[in-house]
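Data first, discussion second: the structure below is written as structure tokens.
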Amino acid sequence: MRPADLDAVTIDAYGTLVQLADPVPALTGGLRDLGVECDAAAVQRAFAKEVAYYREHSHEGRDDATLYELRRDCVAVILDDLGSGLDPGSFVEGFVEAMRFELLPRAGEAVERLRRLGLELAVVSNWDVGLREHLQGLGLDGVTVVTSAEAGAPKPDPAVFLLALDQLGVRPERALHVGDSDADEDGAWAAGMQFAPAPLERAVEELG
């Protein structure tokens, strides 16, 4: 596709736009401060189980109350795997603080290039409503953020794409989605959009 064929580009978040800085050191230190006996290897294994749990439940964090419940449940997965009886609520804040996201290499440049082309932009992701908070300070000011939690269903359901397009005021056939998973591709096509696989910088370069 050419820029003239498009009015908007939507971008998947994790794996396409951002990556997670290693949270294990912060998680390990925070848990030890609360009296949990653990080492980095054990926390790494427990965190992997939390990630799997979160992927299945991310869309349940729809508002402040349900977001807190989701985060508490995620902490509970870690604590259960570590064999700790600590109240999960006591580590929700520490857990959130350990989740630090950063732009993938060259992703920021790609976003700026899309802006210079005059295209509307949105981040469309399977995530809870806390995604905006995570993206703050990454140079994405003015980019619309739409999550599966707001849409009520995760990709590949097209609902999150259609919600983003509605907010942007763009027709599906005039929009391109860039993502790194089958759910991204299947959901974009189901919404009537075009699709390009990550990495983002390559997709932008192919626009010409």
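Please note that chains go A, B, ... in the order of the structure tokens, that every chain numbers its residues from 1, and that ligands are numbered from 1 in the order shown.
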For this session: Compile the contact shell of A:Leu200 as a PyMOL selection string: residues with an atom at most 7 Å away, counting only C-alpha atoms, same-chain residues fewer than 3 positions apart removed.
Result: chain A and resi 16+107+110+178+203-204
Export N, CA and C atoms of the chosen residues as a CSV table (one decimal), in the first residue's frame?
```csv
chain,number,residue,atom,x,y,z
A,16,THR,N,5.5,-5.2,19.1
A,16,THR,CA,5.5,-4.4,17.8
A,16,THR,C,6.0,-3.0,18.1
A,107,ALA,N,11.4,1.9,16.7
A,107,ALA,CA,9.9,2.0,16.7
A,107,ALA,C,9.5,3.5,16.8
A,110,ALA,N,9.8,5.1,13.5
A,110,ALA,CA,8.8,4.7,12.6
A,110,ALA,C,7.5,5.5,12.9
A,178,VAL,N,-0.5,-3.0,12.0
A,178,VAL,CA,0.8,-3.6,12.0
A,178,VAL,C,0.9,-4.4,13.4
A,203,ALA,N,7.5,-2.3,8.1
A,203,ALA,CA,6.2,-2.0,7.5
A,203,ALA,C,6.1,-0.6,7.0
A,204,VAL,N,6.7,0.4,7.8
A,204,VAL,CA,6.6,1.8,7.4
A,204,VAL,C,7.5,2.0,6.2
```
Residues of stretch 26-88 of chain A that approach stretch 122-140 of chain A to 12 Å or less, counting only C-alpha atoms: could you list each one with the shortest pair of atoms and its distance in Å to one decimal, rows by chain and increasing residue number, as a Markdown table?
```
| residue | atom | partner | partner_atom | distance |
| --- | --- | --- | --- | --- |
| A:Val51 | CA | A:Trp127 | CA | 11.9 |
| A:Tyr54 | CA | A:Trp127 | CA | 8.8 |
| A:Arg55 | CA | A:Asn126 | CA | 7.8 |
| A:Glu56 | CA | A:Asn126 | CA | 9.5 |
| A:His57 | CA | A:Asp128 | CA | 8.7 |
| A:Ser58 | CA | A:Trp127 | CA | 5.1 |
| A:His59 | CA | A:Asp128 | CA | 5.4 |
| A:Glu60 | CA | A:Asp128 | CA | 6.8 |
| A:Gly61 | CA | A:Asp128 | CA | 4.7 |
| A:Arg62 | CA | A:Val129 | CA | 5.8 |
| A:Asp63 | CA | A:Val129 | CA | 6.5 |
| A:Asp64 | CA | A:Val129 | CA | 8.2 |
| A:Ala65 | CA | A:Val129 | CA | 10.9 |
| A:Thr66 | CA | A:Asp128 | CA | 9.3 |
| A:Leu67 | CA | A:Asp128 | CA | 6.9 |
| A:Tyr68 | CA | A:Gly130 | CA | 9.9 |
| A:Glu69 | CA | A:Asp128 | CA | 11.4 |
| A:Leu70 | CA | A:Asp128 | CA | 8.7 |
| A:Arg71 | CA | A:Asp128 | CA | 9.8 |
```
Name the residues of stretch 25-127 of chain A that come out as strand (DSSP E or B) in a backbone DSSP run; write them as a PDB file with C-alpha atoms, in the first residue's frame.
```
ATOM      1  CA  PHE A 101       8.031  -0.720  29.154  1.00  0.00           C
ATOM      2  CA  GLU A 102      10.277   0.847  26.548  1.00  0.00           C
ATOM      3  CA  LEU A 103      10.013   1.463  22.833  1.00  0.00           C
ATOM      4  CA  GLU A 120      -3.930   9.071  12.049  1.00  0.00           C
ATOM      5  CA  LEU A 121      -2.332   6.711  14.582  1.00  0.00           C
ATOM      6  CA  ALA A 122      -3.669   4.372  17.245  1.00  0.00           C
ATOM      7  CA  VAL A 123      -2.221   1.702  19.482  1.00  0.00           C
ATOM      8  CA  VAL A 124      -4.566  -1.298  19.403  1.00  0.00           C
ATOM      9  CA  SER A 125      -3.671  -4.033  21.843  1.00  0.00           C
TER      10      SER A 125
END
```
Exercise. Where does DSSP see alpha helix (DSSP H) in stretch 6-208 of chain A, if you list the residues as a VMD selection string?
Worked result: chain A and resid 24 to 33 40 to 57 64 to 82 92 to 98 107 to 116 131 to 135 148 to 151 159 to 168 182 to 190 200 to 206
Problem set entry | Among the residues A:Val96, A:Val9, A:Ala198, A:Ala183, the one that comes closest to A:Gly30 [using only C-alpha atoms] | A:Val96
Exercise. Between A:Glu206, A:Asp141, A:Asp182, A:Glu112, which is the closest to A:Asp157 once you count only C-alpha atoms?
Worked result: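 When distances to A:Asp157 are compared using only C-alpha atoms, the smallest one comes from A:Asp182.
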For this session: Give me, please, the distance in Å between atom CA of A:Val77 and atom CA of A:Ser181, quoted to one decimal.
Result: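 Separation between atom CA of A:Val77 and atom CA of A:Ser181: 25.0 Å.
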Exercise. Nearest to A:Ala4 among A:Pro158, A:Gly152, A:Gly118, A:Pro197, with distances taken over only C-alpha atoms: which residue is it?
Worked result: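 Checking each of A:Pro158, A:Gly152, A:Gly118, A:Pro197 against A:Ala4, counting only C-alpha atoms, the winner is A:Gly118.
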Compile the contact shell of stretch 18-28 of chain A as an mmCIF file with C-alpha atoms, in the first residue's frame: residues with an atom at most 9 Å away, counting only C-alpha atoms, same-chain residues fewer than 5 positions apart removed.
```
data_model
loop_
_atom_site.group_PDB
_atom_site.id
_atom_site.type_symbol
_atom_site.label_atom_id
_atom_site.label_comp_id
_atom_site.auth_asym_id
_atom_site.auth_seq_id
_atom_site.Cartn_x
_atom_site.Cartn_y
_atom_site.Cartn_z
ATOM 1 C CA ASP A 12 -0.034 -3.492 18.235
ATOM 2 C CA ALA A 13 1.687 -2.662 21.510
ATOM 3 C CA ASP A 33 11.571 -6.730 51.308
ATOM 4 C CA VAL A 36 9.255 -13.682 50.814
ATOM 5 C CA CYS A 38 12.998 -16.283 46.819
ATOM 6 C CA ASP A 39 15.782 -16.015 44.302
ATOM 7 C CA ALA A 40 15.813 -14.581 40.794
ATOM 8 C CA ALA A 41 15.469 -17.977 39.104
ATOM 9 C CA ALA A 42 12.345 -18.819 41.107
ATOM 10 C CA VAL A 43 10.839 -15.399 40.458
ATOM 11 C CA GLN A 44 11.575 -15.781 36.742
ATOM 12 C CA PHE A 47 6.636 -14.503 36.427
ATOM 13 C CA GLY A 94 5.416 -3.111 43.825
ATOM 14 C CA PHE A 95 4.325 -5.373 41.003
ATOM 15 C CA GLU A 97 6.257 -0.458 39.567
ATOM 16 C CA ALA A 98 8.345 -3.375 38.279
ATOM 17 C CA MET A 99 6.516 -3.335 34.931
ATOM 18 C CA ARG A 100 8.540 -0.846 32.899
ATOM 19 C CA PHE A 101 8.031 -0.720 29.154
ATOM 20 C CA GLU A 102 10.277 0.847 26.548
ATOM 21 C CA LEU A 103 10.013 1.463 22.833
ATOM 22 C CA LEU A 104 11.498 -1.206 20.621
ATOM 23 C CA PRO A 105 14.578 -0.080 18.664
ATOM 24 C CA ALA A 107 9.897 2.049 16.705
ATOM 25 C CA LEU A 135 2.951 4.344 27.495
#
```
